[in-house]
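Text of work-v1.txt, listed as compact mmCIF, C-alpha atoms:
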# COMPACT_ATOMS: atom_id res chain seq x y z
CA MET E 1 -4.74 -3.55 -11.61
CA GLU E 2 -4.92 -0.01 -12.97
CA ARG E 3 -2.80 2.96 -12.03
CA PRO E 4 -4.51 5.50 -9.74
CA THR E 5 -5.76 8.36 -11.94
CA TYR E 6 -4.78 11.05 -9.41
CA LEU E 7 -1.09 10.08 -9.51
CA PHE E 8 1.09 12.29 -11.70
CA VAL E 9 3.44 10.44 -14.03
CA ALA E 10 5.33 12.50 -16.58
CA PRO E 11 5.31 11.11 -20.13
CA GLU E 12 9.04 10.35 -19.94
CA GLU E 13 8.44 8.38 -16.70
CA GLU E 14 5.66 6.12 -18.02
CA GLU E 15 7.87 3.09 -18.67
CA GLU E 16 9.68 3.41 -15.34
CA PHE E 17 6.39 3.82 -13.48
CA ALA E 18 4.82 0.80 -15.20
CA ALA E 19 7.71 -1.40 -14.06
CA PHE E 20 7.58 0.13 -10.54
CA PHE E 21 3.80 -0.38 -10.30
CA ASP E 22 3.95 -3.98 -11.56
CA GLU E 23 6.72 -4.87 -9.11
CA ILE E 24 4.86 -3.48 -6.08
CA SER E 25 1.61 -5.04 -7.28
CA ARG E 26 3.24 -8.48 -7.53
CA GLU E 27 4.92 -8.09 -4.14
CA LEU E 28 1.83 -6.98 -2.20
CA SER E 29 -0.91 -8.55 -4.40
CA PRO E 30 -3.77 -6.64 -2.75
CA GLN E 31 -6.98 -8.59 -2.17
CA GLY E 32 -10.31 -6.82 -1.74
CA ALA E 33 -11.33 -3.18 -1.84
CA LEU E 34 -9.68 -2.08 1.40
CA GLU E 35 -6.31 -3.59 0.48
CA ARG E 36 -6.52 -1.92 -2.95
CA VAL E 37 -7.08 1.46 -1.26
CA MET E 38 -4.06 0.89 0.99
CA PHE E 39 -2.05 -0.33 -1.99
CA GLU E 40 -2.81 2.90 -3.88
CA GLU E 41 -1.64 4.95 -0.88
CA ILE E 42 1.60 2.97 -0.78
CA VAL E 43 2.19 3.44 -4.51
CA HIS E 44 1.38 7.15 -4.31
CA ALA E 45 3.77 7.80 -1.42
CA ALA E 46 6.58 5.61 -2.77
CA TRP E 47 6.39 7.05 -6.30
CA ASN E 48 6.37 10.65 -5.06
CA GLU E 49 9.28 9.88 -2.74
CA ARG E 50 11.30 8.63 -5.73
CA ARG E 51 10.37 11.66 -7.84
CA ILE E 52 11.26 14.12 -5.07
CA LEU E 53 14.62 12.46 -4.52
CA ARG E 54 15.41 13.02 -8.20
CA ILE E 55 14.18 16.61 -8.20
CA GLU E 56 15.83 17.40 -4.85
CA ARG E 57 19.24 17.22 -6.46
CA ARG E 58 18.24 20.41 -8.25
CA SER E 59 16.18 21.98 -5.45
CA PRO E 60 17.13 21.24 -1.82
CA SER E 61 14.01 23.05 -0.55
CA LEU E 62 11.93 19.94 -1.26
CA GLU E 63 13.23 18.20 1.86
CA ARG E 64 10.00 18.71 3.83
CA HIS E 65 7.92 17.22 0.98
CA LEU E 66 10.24 14.22 0.90
CA ALA E 67 9.84 13.76 4.66
CA HIS E 68 6.06 13.88 4.26
CA TYR E 69 6.03 11.15 1.60
CA ARG E 70 8.46 8.99 3.56
CA ARG E 71 6.19 9.13 6.61
CA SER E 72 3.14 8.47 4.47
CA HIS E 73 4.82 5.53 2.75
CA LYS E 74 5.88 3.92 6.04
CA ARG E 75 2.49 4.51 7.66
CA SER E 76 0.58 3.06 4.70
CA LEU E 77 2.83 0.01 4.43
CA LYS E 78 2.53 -0.67 8.16
CA ALA E 79 -1.28 -0.37 7.99
CA PHE E 80 -1.39 -2.69 4.97
CA HIS E 81 0.57 -5.41 6.76
CA LEU E 82 -1.43 -4.98 9.97
CA MET E 83 -4.66 -5.34 7.99
CA ARG E 84 -3.32 -8.55 6.41
CA GLN E 85 -2.40 -9.96 9.83
CA ARG E 86 -5.82 -9.17 11.28
CA GLY E 87 -7.51 -10.76 8.27
CA ALA E 88 -5.45 -13.94 8.77
CA ARG E 89 -6.38 -14.05 12.46
CA MET E 90 -10.04 -13.56 11.56
CA ARG E 91 -9.94 -16.44 9.08
CA GLN E 92 -8.28 -18.68 11.69
CA ALA E 93 -10.88 -17.79 14.33
CA GLN E 94 -13.70 -18.54 11.89
CA GLN E 95 -12.18 -21.92 11.03
CA VAL E 96 -11.83 -22.82 14.72
CA ALA E 97 -15.43 -21.73 15.37
CA GLU E 98 -16.72 -23.81 12.46
CA LEU E 99 -14.75 -26.89 13.55
CA SER E 100 -16.00 -26.62 17.12
CA GLY E 101 -19.61 -26.03 16.09
CA MET E 102 -19.69 -22.49 17.43
CA GLU E 103 -21.23 -19.46 15.79
CA PRO E 104 -18.98 -17.88 13.12
CA VAL E 105 -16.99 -14.86 14.29
CA ASN E 106 -18.32 -11.63 12.78
CA ARG E 107 -15.89 -9.09 14.18
CA TRP E 108 -12.15 -8.37 14.11
CA VAL E 109 -10.04 -10.58 16.33
CA ASN E 110 -7.29 -8.69 18.17

Could you write out this file's structure as structure tokens?
Amino acid sequence: MERPTYLFVAPEEEEEFAAFFDEISRELSPQGALERVMFEEIVHAAWNERRILRIERRSPSLERHLAHYRRSHKRSLKAFHLMRQRGARMRQAQQVAELSGMEPVNRWVN
């Protein structure tokens, strides 16, 4: 999986970011286009949160930016896991429908 092109990584951070990106990629292992989009949001928010924490030591005025990325990170991670749960329920419903001879389910199962 490739790094999002819109994400800023300073040349001196390349190695650290590569390890960070690989670790999150292994942990979440996004499947499909929608999960990859959510994964990129998670990486973007988490990476910027880390960078702001480092910079904040020199400039306390970045607190509101840090709060923004923390909220974004939590929201994206929650949405990612919710999407995974719904996908699992959808697959289960389709299997039950197939086993019982019913029409396959073609919508989200809540």

Selection near range 72-85 of chain E, 7 Å with all atoms listed in the file, sequence-local residues under 4 positions removed, as a ChimeraX atom specification: /E:35,38,41-42,45-46,68,89

Separation of CA of Tyr69 in chain E from CA of Arg26 in chain E, in Å and rounded to one decimal: 21.8 Å

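Going from CA of Ser29 in chain E over to CA of Arg86 in chain E, you cover 16.4 Å.
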
Among the residues E:Glu2, E:Glu98, E:Ala88, E:Leu66, the one that comes closest to Glu40 in chain E [using all atoms listed in the file]: E:Glu2

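If all atoms listed in the file are the atoms counted, then among E:Ala19, E:Ile24, E:Ala67, E:Val96 the closest residue to Val43 in chain E is E:Ile24.
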
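Atom pair CA of Tyr6 in chain E / CA of Arg58 in chain E: separated by 24.9 Å.
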